[in-house]
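As stored in upload17.cif (mmCIF, N, CA and C atoms):
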data_target
loop_
_atom_site.label_atom_id
_atom_site.label_comp_id
_atom_site.auth_asym_id
_atom_site.auth_seq_id
_atom_site.Cartn_x
_atom_site.Cartn_y
_atom_site.Cartn_z
N MET K 1 47.27 -53.94 -12.21
CA MET K 1 46.31 -54.94 -11.80
C MET K 1 45.41 -55.36 -12.96
N LEU K 2 45.10 -54.42 -13.84
CA LEU K 2 44.25 -54.72 -14.98
C LEU K 2 44.89 -55.76 -15.90
N SER K 3 46.22 -55.73 -16.00
CA SER K 3 46.92 -56.71 -16.84
C SER K 3 46.66 -58.13 -16.35
N TYR K 4 46.61 -58.32 -15.05
CA TYR K 4 46.35 -59.65 -14.49
C TYR K 4 44.95 -60.14 -14.86
N ILE K 5 44.02 -59.23 -14.87
CA ILE K 5 42.64 -59.59 -15.25
C ILE K 5 42.61 -60.00 -16.72
N TRP K 6 43.31 -59.22 -17.59
CA TRP K 6 43.35 -59.56 -19.02
C TRP K 6 44.01 -60.93 -19.23
N VAL K 7 45.10 -61.20 -18.53
CA VAL K 7 45.77 -62.49 -18.66
C VAL K 7 44.84 -63.61 -18.19
N GLY K 8 44.14 -63.39 -17.09
CA GLY K 8 43.23 -64.41 -16.57
C GLY K 8 42.08 -64.69 -17.53
N LEU K 9 41.49 -63.64 -18.08
CA LEU K 9 40.40 -63.83 -19.04
C LEU K 9 40.89 -64.53 -20.31
N GLY K 10 42.03 -64.09 -20.82
CA GLY K 10 42.61 -64.73 -22.00
C GLY K 10 42.97 -66.18 -21.73
N GLY K 11 43.53 -66.43 -20.56
CA GLY K 11 43.88 -67.80 -20.19
C GLY K 11 42.67 -68.71 -20.12
N ALA K 12 41.56 -68.19 -19.62
CA ALA K 12 40.33 -68.99 -19.56
C ALA K 12 39.87 -69.35 -20.97
N ILE K 13 39.90 -68.39 -21.87
CA ILE K 13 39.50 -68.64 -23.26
C ILE K 13 40.43 -69.66 -23.90
N GLY K 14 41.73 -69.46 -23.73
CA GLY K 14 42.71 -70.37 -24.32
C GLY K 14 42.60 -71.78 -23.76
N SER K 15 42.36 -71.90 -22.46
CA SER K 15 42.24 -73.21 -21.83
C SER K 15 41.02 -73.98 -22.33
N VAL K 16 39.91 -73.28 -22.48
CA VAL K 16 38.70 -73.93 -23.00
C VAL K 16 38.93 -74.38 -24.44
N ALA K 17 39.57 -73.52 -25.23
CA ALA K 17 39.87 -73.88 -26.63
C ALA K 17 40.80 -75.09 -26.68
N ARG K 18 41.80 -75.12 -25.81
CA ARG K 18 42.73 -76.26 -25.75
C ARG K 18 41.99 -77.54 -25.41
N PHE K 19 41.14 -77.50 -24.41
CA PHE K 19 40.38 -78.68 -24.00
C PHE K 19 39.50 -79.18 -25.13
N TRP K 20 38.86 -78.29 -25.82
CA TRP K 20 37.95 -78.63 -26.90
C TRP K 20 38.72 -79.24 -28.08
N ILE K 21 39.73 -78.54 -28.57
CA ILE K 21 40.46 -79.00 -29.75
C ILE K 21 41.25 -80.27 -29.45
N SER K 22 41.90 -80.32 -28.32
CA SER K 22 42.66 -81.51 -27.94
C SER K 22 41.73 -82.72 -27.84
N GLY K 23 40.55 -82.52 -27.30
CA GLY K 23 39.58 -83.61 -27.20
C GLY K 23 39.10 -84.10 -28.55
N ILE K 24 38.84 -83.17 -29.46
CA ILE K 24 38.41 -83.55 -30.82
C ILE K 24 39.49 -84.36 -31.51
N VAL K 25 40.73 -83.90 -31.43
CA VAL K 25 41.83 -84.61 -32.09
C VAL K 25 42.04 -85.98 -31.45
N ALA K 26 42.02 -86.06 -30.13
CA ALA K 26 42.20 -87.33 -29.43
C ALA K 26 41.08 -88.31 -29.77
N GLU K 27 39.87 -87.81 -29.86
CA GLU K 27 38.72 -88.66 -30.21
C GLU K 27 38.86 -89.21 -31.63
N ARG K 28 39.36 -88.38 -32.50
CA ARG K 28 39.47 -88.78 -33.91
C ARG K 28 40.66 -89.70 -34.17
N TYR K 29 41.80 -89.42 -33.52
CA TYR K 29 43.04 -90.16 -33.82
C TYR K 29 43.50 -91.09 -32.71
N GLY K 30 42.77 -91.12 -31.61
CA GLY K 30 43.13 -92.02 -30.52
C GLY K 30 44.05 -91.36 -29.50
N GLN K 31 44.28 -92.08 -28.41
CA GLN K 31 45.06 -91.52 -27.32
C GLN K 31 46.35 -92.30 -27.06
N THR K 32 46.74 -93.17 -27.99
CA THR K 32 47.99 -93.90 -27.77
C THR K 32 49.20 -93.00 -28.01
N PHE K 33 49.01 -91.92 -28.71
CA PHE K 33 50.04 -90.89 -28.92
C PHE K 33 49.35 -89.55 -28.68
N PRO K 34 50.01 -88.60 -28.02
CA PRO K 34 49.34 -87.33 -27.69
C PRO K 34 49.19 -86.38 -28.89
N PHE K 35 48.44 -86.83 -29.89
CA PHE K 35 48.22 -86.00 -31.08
C PHE K 35 47.47 -84.71 -30.75
N GLY K 36 46.54 -84.76 -29.80
CA GLY K 36 45.78 -83.58 -29.42
C GLY K 36 46.68 -82.48 -28.88
N THR K 37 47.57 -82.85 -27.98
CA THR K 37 48.51 -81.89 -27.41
C THR K 37 49.45 -81.36 -28.48
N LEU K 38 49.92 -82.24 -29.34
CA LEU K 38 50.82 -81.82 -30.42
C LEU K 38 50.10 -80.83 -31.34
N ALA K 39 48.86 -81.13 -31.71
CA ALA K 39 48.10 -80.24 -32.59
C ALA K 39 47.89 -78.87 -31.95
N VAL K 40 47.57 -78.85 -30.68
CA VAL K 40 47.37 -77.59 -29.96
C VAL K 40 48.66 -76.79 -29.90
N ASN K 41 49.77 -77.44 -29.59
CA ASN K 41 51.03 -76.71 -29.48
C ASN K 41 51.50 -76.18 -30.82
N VAL K 42 51.31 -76.95 -31.89
CA VAL K 42 51.73 -76.48 -33.22
C VAL K 42 50.84 -75.32 -33.67
N THR K 43 49.52 -75.45 -33.54
CA THR K 43 48.64 -74.36 -33.97
C THR K 43 48.83 -73.13 -33.08
N GLY K 44 49.06 -73.34 -31.80
CA GLY K 44 49.32 -72.20 -30.90
C GLY K 44 50.61 -71.48 -31.28
N SER K 45 51.63 -72.23 -31.66
CA SER K 45 52.88 -71.62 -32.10
C SER K 45 52.69 -70.83 -33.39
N LEU K 46 51.92 -71.39 -34.31
CA LEU K 46 51.63 -70.68 -35.56
C LEU K 46 50.88 -69.38 -35.28
N ILE K 47 49.88 -69.46 -34.43
CA ILE K 47 49.06 -68.29 -34.12
C ILE K 47 49.87 -67.20 -33.42
N ILE K 48 50.67 -67.57 -32.43
CA ILE K 48 51.43 -66.54 -31.70
C ILE K 48 52.51 -65.93 -32.59
N GLY K 49 53.09 -66.73 -33.49
CA GLY K 49 54.08 -66.18 -34.42
C GLY K 49 53.46 -65.17 -35.36
N ALA K 50 52.30 -65.52 -35.91
CA ALA K 50 51.61 -64.60 -36.83
C ALA K 50 51.15 -63.34 -36.09
N PHE K 51 50.59 -63.52 -34.91
CA PHE K 51 50.09 -62.37 -34.15
C PHE K 51 51.23 -61.43 -33.75
N ALA K 52 52.36 -62.01 -33.34
CA ALA K 52 53.51 -61.18 -32.97
C ALA K 52 53.97 -60.33 -34.14
N ALA K 53 54.02 -60.94 -35.33
CA ALA K 53 54.44 -60.18 -36.51
C ALA K 53 53.41 -59.13 -36.90
N LEU K 54 52.14 -59.47 -36.81
CA LEU K 54 51.08 -58.52 -37.17
C LEU K 54 51.03 -57.32 -36.25
N THR K 55 51.39 -57.51 -34.99
CA THR K 55 51.23 -56.45 -34.01
C THR K 55 52.54 -55.83 -33.55
N ASP K 56 53.64 -56.20 -34.21
CA ASP K 56 54.91 -55.53 -33.95
C ASP K 56 54.75 -54.05 -34.30
N PRO K 57 55.66 -53.20 -33.82
CA PRO K 57 55.56 -51.78 -34.17
C PRO K 57 55.49 -51.53 -35.68
N GLU K 58 56.15 -52.36 -36.48
CA GLU K 58 56.07 -52.21 -37.93
C GLU K 58 54.97 -53.09 -38.54
N GLY K 59 54.19 -53.76 -37.72
CA GLY K 59 53.15 -54.66 -38.20
C GLY K 59 51.94 -53.93 -38.76
N ARG K 60 51.03 -54.70 -39.32
CA ARG K 60 49.83 -54.14 -39.96
C ARG K 60 48.78 -53.69 -38.95
N TRP K 61 48.71 -54.33 -37.81
CA TRP K 61 47.67 -54.02 -36.84
C TRP K 61 48.25 -53.22 -35.67
N LEU K 62 47.59 -52.14 -35.37
CA LEU K 62 47.95 -51.39 -34.17
C LEU K 62 47.03 -51.86 -33.05
N VAL K 63 47.60 -52.50 -32.08
CA VAL K 63 46.81 -52.95 -30.94
C VAL K 63 47.46 -52.41 -29.67
N SER K 64 46.68 -52.28 -28.66
CA SER K 64 47.19 -51.76 -27.39
C SER K 64 48.07 -52.81 -26.71
N PRO K 65 48.98 -52.36 -25.87
CA PRO K 65 49.78 -53.32 -25.10
C PRO K 65 48.89 -54.25 -24.27
N SER K 66 47.76 -53.75 -23.80
CA SER K 66 46.85 -54.59 -23.01
C SER K 66 46.28 -55.72 -23.85
N PHE K 67 45.97 -55.44 -25.12
CA PHE K 67 45.44 -56.51 -25.97
C PHE K 67 46.52 -57.52 -26.30
N ARG K 68 47.74 -57.08 -26.52
CA ARG K 68 48.85 -58.02 -26.75
C ARG K 68 49.02 -58.92 -25.54
N ILE K 69 48.96 -58.36 -24.34
CA ILE K 69 49.07 -59.15 -23.12
C ILE K 69 47.92 -60.15 -23.04
N PHE K 70 46.70 -59.67 -23.28
CA PHE K 70 45.52 -60.52 -23.26
C PHE K 70 45.68 -61.70 -24.22
N PHE K 71 46.08 -61.41 -25.45
CA PHE K 71 46.10 -62.45 -26.47
C PHE K 71 47.34 -63.34 -26.39
N MET K 72 48.53 -62.75 -26.32
CA MET K 72 49.75 -63.54 -26.37
C MET K 72 50.02 -64.29 -25.07
N ILE K 73 49.90 -63.61 -23.95
CA ILE K 73 50.17 -64.27 -22.67
C ILE K 73 48.94 -65.03 -22.18
N GLY K 74 47.78 -64.39 -22.29
CA GLY K 74 46.55 -65.03 -21.81
C GLY K 74 46.05 -66.13 -22.72
N VAL K 75 45.54 -65.75 -23.89
CA VAL K 75 44.92 -66.74 -24.78
C VAL K 75 45.94 -67.79 -25.25
N CYS K 76 47.04 -67.33 -25.82
CA CYS K 76 48.02 -68.30 -26.33
C CYS K 76 48.68 -69.09 -25.20
N GLY K 77 48.94 -68.44 -24.09
CA GLY K 77 49.52 -69.14 -22.94
C GLY K 77 48.58 -70.17 -22.36
N GLY K 78 47.29 -69.85 -22.33
CA GLY K 78 46.30 -70.82 -21.85
C GLY K 78 46.04 -71.92 -22.86
N TYR K 79 46.22 -71.61 -24.12
CA TYR K 79 45.93 -72.56 -25.19
C TYR K 79 47.03 -73.61 -25.36
N THR K 80 48.28 -73.19 -25.38
CA THR K 80 49.35 -74.15 -25.56
C THR K 80 49.58 -74.93 -24.28
N THR K 81 50.20 -76.08 -24.40
CA THR K 81 50.16 -77.04 -23.30
C THR K 81 51.51 -77.67 -23.00
N PHE K 82 52.51 -76.87 -22.74
CA PHE K 82 53.82 -77.46 -22.50
C PHE K 82 53.81 -78.38 -21.28
N SER K 83 53.08 -78.02 -20.25
CA SER K 83 53.04 -78.89 -19.07
C SER K 83 52.35 -80.21 -19.40
N SER K 84 51.29 -80.18 -20.19
CA SER K 84 50.63 -81.42 -20.62
C SER K 84 51.57 -82.25 -21.48
N PHE K 85 52.27 -81.59 -22.39
CA PHE K 85 53.26 -82.27 -23.24
C PHE K 85 54.29 -82.98 -22.36
N SER K 86 54.80 -82.28 -21.37
CA SER K 86 55.84 -82.87 -20.50
C SER K 86 55.32 -84.08 -19.75
N LEU K 87 54.13 -83.97 -19.19
CA LEU K 87 53.55 -85.08 -18.43
C LEU K 87 53.26 -86.27 -19.32
N GLN K 88 52.70 -86.03 -20.51
CA GLN K 88 52.39 -87.12 -21.44
C GLN K 88 53.67 -87.80 -21.94
N THR K 89 54.71 -87.02 -22.17
CA THR K 89 55.98 -87.60 -22.61
C THR K 89 56.60 -88.44 -21.49
N LEU K 90 56.52 -87.95 -20.26
CA LEU K 90 57.00 -88.72 -19.12
C LEU K 90 56.23 -90.03 -18.99
N ALA K 91 54.92 -89.96 -19.14
CA ALA K 91 54.09 -91.18 -19.04
C ALA K 91 54.48 -92.20 -20.11
N LEU K 92 54.72 -91.73 -21.32
CA LEU K 92 55.15 -92.64 -22.39
C LEU K 92 56.48 -93.29 -22.01
N ALA K 93 57.41 -92.50 -21.50
CA ALA K 93 58.72 -93.04 -21.11
C ALA K 93 58.58 -94.04 -19.96
N GLN K 94 57.76 -93.71 -18.97
CA GLN K 94 57.56 -94.61 -17.84
C GLN K 94 56.91 -95.92 -18.25
N ASP K 95 56.11 -95.88 -19.32
CA ASP K 95 55.47 -97.09 -19.84
C ASP K 95 56.40 -97.87 -20.77
N GLY K 96 57.62 -97.40 -20.91
CA GLY K 96 58.58 -98.08 -21.77
C GLY K 96 58.40 -97.74 -23.25
N GLU K 97 57.58 -96.75 -23.54
CA GLU K 97 57.33 -96.33 -24.92
C GLU K 97 58.37 -95.28 -25.32
N TRP K 98 59.63 -95.70 -25.35
CA TRP K 98 60.73 -94.76 -25.59
C TRP K 98 60.67 -94.15 -26.98
N PHE K 99 60.30 -94.95 -27.96
CA PHE K 99 60.19 -94.41 -29.32
C PHE K 99 59.14 -93.31 -29.38
N ARG K 100 57.97 -93.57 -28.80
CA ARG K 100 56.89 -92.58 -28.81
C ARG K 100 57.25 -91.34 -27.99
N ALA K 101 57.90 -91.53 -26.86
CA ALA K 101 58.31 -90.39 -26.04
C ALA K 101 59.31 -89.52 -26.81
N THR K 102 60.25 -90.16 -27.45
CA THR K 102 61.24 -89.42 -28.24
C THR K 102 60.60 -88.75 -29.44
N ALA K 103 59.72 -89.48 -30.13
CA ALA K 103 59.03 -88.91 -31.29
C ALA K 103 58.20 -87.70 -30.89
N ASN K 104 57.51 -87.79 -29.76
CA ASN K 104 56.70 -86.66 -29.29
C ASN K 104 57.58 -85.46 -28.98
N SER K 105 58.71 -85.69 -28.34
CA SER K 105 59.62 -84.59 -28.00
C SER K 105 60.17 -83.92 -29.25
N ILE K 106 60.66 -84.72 -30.17
CA ILE K 106 61.24 -84.17 -31.40
C ILE K 106 60.18 -83.49 -32.25
N ALA K 107 59.02 -84.14 -32.42
CA ALA K 107 57.95 -83.55 -33.24
C ALA K 107 57.44 -82.26 -32.62
N SER K 108 57.25 -82.23 -31.32
CA SER K 108 56.76 -81.02 -30.66
C SER K 108 57.76 -79.88 -30.82
N PHE K 109 59.01 -80.15 -30.55
CA PHE K 109 60.01 -79.10 -30.65
C PHE K 109 60.13 -78.60 -32.09
N ALA K 110 60.33 -79.51 -33.02
CA ALA K 110 60.57 -79.12 -34.41
C ALA K 110 59.34 -78.46 -35.04
N LEU K 111 58.16 -79.07 -34.86
CA LEU K 111 56.96 -78.53 -35.49
C LEU K 111 56.53 -77.20 -34.88
N CYS K 112 56.67 -77.05 -33.57
CA CYS K 112 56.29 -75.78 -32.94
C CYS K 112 57.26 -74.67 -33.32
N LEU K 113 58.54 -74.98 -33.39
CA LEU K 113 59.50 -73.97 -33.82
C LEU K 113 59.25 -73.59 -35.28
N LEU K 114 58.99 -74.59 -36.12
CA LEU K 114 58.66 -74.32 -37.51
C LEU K 114 57.38 -73.50 -37.63
N ALA K 115 56.37 -73.84 -36.83
CA ALA K 115 55.09 -73.14 -36.89
C ALA K 115 55.22 -71.68 -36.45
N VAL K 116 55.95 -71.41 -35.39
CA VAL K 116 56.10 -70.02 -34.96
C VAL K 116 56.88 -69.23 -36.01
N TRP K 117 57.89 -69.85 -36.61
CA TRP K 117 58.63 -69.18 -37.69
C TRP K 117 57.72 -68.94 -38.89
N LEU K 118 56.94 -69.96 -39.28
CA LEU K 118 56.05 -69.84 -40.43
C LEU K 118 55.00 -68.74 -40.21
N GLY K 119 54.42 -68.69 -39.04
CA GLY K 119 53.44 -67.63 -38.74
C GLY K 119 54.07 -66.26 -38.83
N HIS K 120 55.24 -66.10 -38.24
CA HIS K 120 55.93 -64.81 -38.26
C HIS K 120 56.38 -64.46 -39.68
N PHE K 121 56.99 -65.40 -40.37
CA PHE K 121 57.49 -65.18 -41.72
C PHE K 121 56.36 -64.85 -42.69
N SER K 122 55.25 -65.57 -42.60
CA SER K 122 54.12 -65.35 -43.51
C SER K 122 53.58 -63.94 -43.39
N VAL K 123 53.39 -63.50 -42.17
CA VAL K 123 52.86 -62.16 -41.95
C VAL K 123 53.87 -61.11 -42.40
N THR K 124 55.14 -61.34 -42.10
CA THR K 124 56.16 -60.38 -42.55
C THR K 124 56.21 -60.30 -44.07
N LEU K 125 56.11 -61.43 -44.73
CA LEU K 125 56.13 -61.47 -46.19
C LEU K 125 54.92 -60.76 -46.79
N ILE K 126 53.76 -61.02 -46.24
CA ILE K 126 52.52 -60.42 -46.71
C ILE K 126 52.50 -58.92 -46.44
N SER K 127 53.11 -58.50 -45.33
CA SER K 127 53.06 -57.10 -44.92
C SER K 127 54.04 -56.21 -45.65
N LYS K 128 54.96 -56.78 -46.39
CA LYS K 128 55.94 -55.94 -47.10
C LYS K 128 55.25 -55.12 -48.17
N PRO K 129 55.64 -53.84 -48.28
CA PRO K 129 55.01 -52.98 -49.29
C PRO K 129 55.38 -53.36 -50.71
#
Give the structure from the file, written as structure tokens.
Amino acid sequence: MLSYIWVGLGGAIGSVARFWISGIVAERYGQTFPFGTLAVNVTGSLIIGAFAALTDPEGRWLVSPSFRIFFMIGVCGGYTTFSSFSLQTLALAQDGEWFRATANSIASFALCLLAVWLGHFSVTLISKP
């Protein structure tokens, strides 16, 4: 039961961070393309990749399984926005913005995959003796 509380608390923190950062990016770059959601998903992928590598059994940080649940499932899960990405991409497609819908899909997939790899790779590289 305690794990559910940790996930809920982490999710609340991640959701507030997502709302704040996404809003700042949208305010700065406009809302004709979902740059805020893209920025959140890419940074969230980078963060979870780095954290996973840092806290693996061979990683530099020893953290409890509860903290991994809190941070990776709660904070990162609340922070990243796949459902928002999906809805915004659908809206672009429904508006006939096929280029933007496709660009958002490709950019989100490629950049988030690259970011999670970069986060994991960077920590692994730094952590080598």
**Prompt:** atom CA of Val42 of chain K and atom CA of Cys112 of chain K, how far apart in Å?
**Reply:**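 Computing the Euclidean distance for atom CA of Cys112 of chain K and atom CA of Val42 of chain K yields 4.6 Å.
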Report the closest atom pair, with its distance in Å rounded to one decimal, for each residue of segment 44-108 of chain K that has an atom no farther than 6 Å from segment 11-30 of chain K; count only N, CA and C atoms, sort by chain and then rising residue number, and write it as a tab-separated table.
residue	atom	partner	partner_atom	distance
K:Ile73	C	K:Gly11	N	5.8
K:Gly74	C	K:Gly11	N	3.3
K:Val75	N	K:Gly11	N	3.9
K:Cys76	N	K:Gly14	CA	5.5
K:Gly77	C	K:Gly11	CA	5.7
K:Gly78	C	K:Gly14	C	3.6
K:Tyr79	N	K:Gly14	C	3.6
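Pairwise distance (atom N of Arg100 of chain K, atom CA of Phe33 of chain K) equals 8.4 Å.
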**Asked** If we count all atoms listed in the file, what is near Gly119 of chain K at a cut-off of 5 Å, once residues fewer than 3 positions away on the same chain are taken out, given as a list in words?
**Response** Leu46, Gly49, Ala50, Ala115, Val116, Ser122 and Val123 of chain K
**Message:** Just to confirm, what's the straight-line distance from atom CA of Pro57 of chain K to atom CA of Phe70 of chain K in Å (one decimal)?
**Reply:** 17.2 Å
**Prompt:** Would you give me, as a ChimeraX atom specification, the residues in chain K that DSSP reads as alpha helix (DSSP H)?
**Reply:** /K:2-29,35-55,65-68,76-79,82-94,98-127
**Asked** Between K:Ser66, K:Ser105, K:Thr37, K:Thr43, which is the closest to Val7 of chain K once you count all atoms listed in the file?
**Response**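 Of the candidates, the smallest distance to Val7 of chain K is held by K:Ser66.
With only C-alpha atoms as the basis for measurement, K:Met72 is the residue among K:Met72, K:Phe99, K:Ser108, K:Ser3 that approaches Ile47 of chain K most closely.
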How big is the axis-aligned box, and where does its centre sit, when it encloses all atoms of segment 40-58 of chain K listed in the file and has 6 Å added on every side, reported in Å to one decimal as JSON?
{"center_x": 51.8, "center_y": -65.2, "center_z": -34.0, "size_x": 20.8, "size_y": 39.3, "size_z": 21.1}
**Selection near segment 124-126 of chain K, 12 Å with only C-alpha atoms, sequence-local residues under 4 positions removed, as a ChimeraX atom specification** = /K:49-56,58-60,117-120
Quick test: take segment 81-106 of chain K, keep N, CA and C atoms, and write it as a JSON list (two decimals), in the first residue's frame.
[["chain", "number", "residue", "atom", "x", "y", "z"],
["K", 81, "THR", "N", 4.15, 13.08, -20.80],
["K", 81, "THR", "CA", 2.77, 13.35, -21.21],
["K", 81, "THR", "C", 2.36, 12.61, -22.47],
["K", 82, "PHE", "N", 2.48, 11.31, -22.47],
["K", 82, "PHE", "CA", 2.13, 10.60, -23.70],
["K", 82, "PHE", "C", 0.67, 10.79, -24.07],
["K", 83, "SER", "N", -0.21, 10.83, -23.08],
["K", 83, "SER", "CA", -1.62, 11.03, -23.40],
["K", 83, "SER", "C", -1.86, 12.41, -23.99],
["K", 84, "SER", "N", -1.19, 13.42, -23.47],
["K", 84, "SER", "CA", -1.30, 14.77, -24.04],
["K", 84, "SER", "C", -0.74, 14.80, -25.46],
["K", 85, "PHE", "N", 0.40, 14.15, -25.65],
["K", 85, "PHE", "CA", 1.00, 14.04, -26.98],
["K", 85, "PHE", "C", 0.00, 13.43, -27.95],
["K", 86, "SER", "N", -0.63, 12.34, -27.55],
["K", 86, "SER", "CA", -1.57, 11.65, -28.43],
["K", 86, "SER", "C", -2.75, 12.53, -28.79],
["K", 87, "LEU", "N", -3.32, 13.20, -27.81],
["K", 87, "LEU", "CA", -4.47, 14.06, -28.05],
["K", 87, "LEU", "C", -4.10, 15.24, -28.94],
["K", 88, "GLN", "N", -2.95, 15.87, -28.68],
["K", 88, "GLN", "CA", -2.52, 17.01, -29.49],
["K", 88, "GLN", "C", -2.22, 16.59, -30.93],
["K", 89, "THR", "N", -1.64, 15.42, -31.10],
["K", 89, "THR", "CA", -1.35, 14.91, -32.45],
["K", 89, "THR", "C", -2.66, 14.62, -33.19],
["K", 90, "LEU", "N", -3.63, 14.03, -32.49],
["K", 90, "LEU", "CA", -4.93, 13.78, -33.09],
["K", 90, "LEU", "C", -5.59, 15.10, -33.51],
["K", 91, "ALA", "N", -5.52, 16.09, -32.64],
["K", 91, "ALA", "CA", -6.12, 17.40, -32.96],
["K", 91, "ALA", "C", -5.47, 18.02, -34.20],
["K", 92, "LEU", "N", -4.16, 17.91, -34.30],
["K", 92, "LEU", "CA", -3.48, 18.43, -35.49],
["K", 92, "LEU", "C", -3.97, 17.69, -36.74],
["K", 93, "ALA", "N", -4.09, 16.37, -36.65],
["K", 93, "ALA", "CA", -4.56, 15.59, -37.80],
["K", 93, "ALA", "C", -6.00, 15.94, -38.16],
["K", 94, "GLN", "N", -6.86, 16.08, -37.15],
["K", 94, "GLN", "CA", -8.25, 16.43, -37.41],
["K", 94, "GLN", "C", -8.40, 17.81, -38.03],
["K", 95, "ASP", "N", -7.46, 18.70, -37.73],
["K", 95, "ASP", "CA", -7.46, 20.04, -38.31],
["K", 95, "ASP", "C", -6.82, 20.07, -39.70],
["K", 96, "GLY", "N", -6.44, 18.91, -40.19],
["K", 96, "GLY", "CA", -5.81, 18.83, -41.50],
["K", 96, "GLY", "C", -4.34, 19.20, -41.50],
["K", 97, "GLU", "N", -3.76, 19.32, -40.32],
["K", 97, "GLU", "CA", -2.34, 19.67, -40.18],
["K", 97, "GLU", "C", -1.51, 18.39, -40.20],
["K", 98, "TRP", "N", -1.55, 17.69, -41.33],
["K", 98, "TRP", "CA", -0.90, 16.38, -41.42],
["K", 98, "TRP", "C", 0.61, 16.47, -41.27],
["K", 99, "PHE", "N", 1.20, 17.50, -41.83],
["K", 99, "PHE", "CA", 2.65, 17.66, -41.70],
["K", 99, "PHE", "C", 3.04, 17.83, -40.24],
["K", 100, "ARG", "N", 2.32, 18.71, -39.53],
["K", 100, "ARG", "CA", 2.62, 18.95, -38.11],
["K", 100, "ARG", "C", 2.34, 17.71, -37.26],
["K", 101, "ALA", "N", 1.27, 17.00, -37.55],
["K", 101, "ALA", "CA", 0.96, 15.78, -36.80],
["K", 101, "ALA", "C", 2.06, 14.74, -37.00],
["K", 102, "THR", "N", 2.49, 14.59, -38.22],
["K", 102, "THR", "CA", 3.57, 13.63, -38.52],
["K", 102, "THR", "C", 4.88, 14.08, -37.90],
["K", 103, "ALA", "N", 5.18, 15.37, -38.02],
["K", 103, "ALA", "CA", 6.42, 15.90, -37.44],
["K", 103, "ALA", "C", 6.44, 15.71, -35.93],
["K", 104, "ASN", "N", 5.31, 15.95, -35.28],
["K", 104, "ASN", "CA", 5.23, 15.77, -33.83],
["K", 104, "ASN", "C", 5.45, 14.31, -33.46],
["K", 105, "SER", "N", 4.85, 13.40, -34.21],
["K", 105, "SER", "CA", 5.01, 11.97, -33.92],
["K", 105, "SER", "C", 6.46, 11.52, -34.10],
["K", 106, "ILE", "N", 7.05, 11.89, -35.21],
["K", 106, "ILE", "CA", 8.43, 11.49, -35.48],
["K", 106, "ILE", "C", 9.39, 12.14, -34.50]]
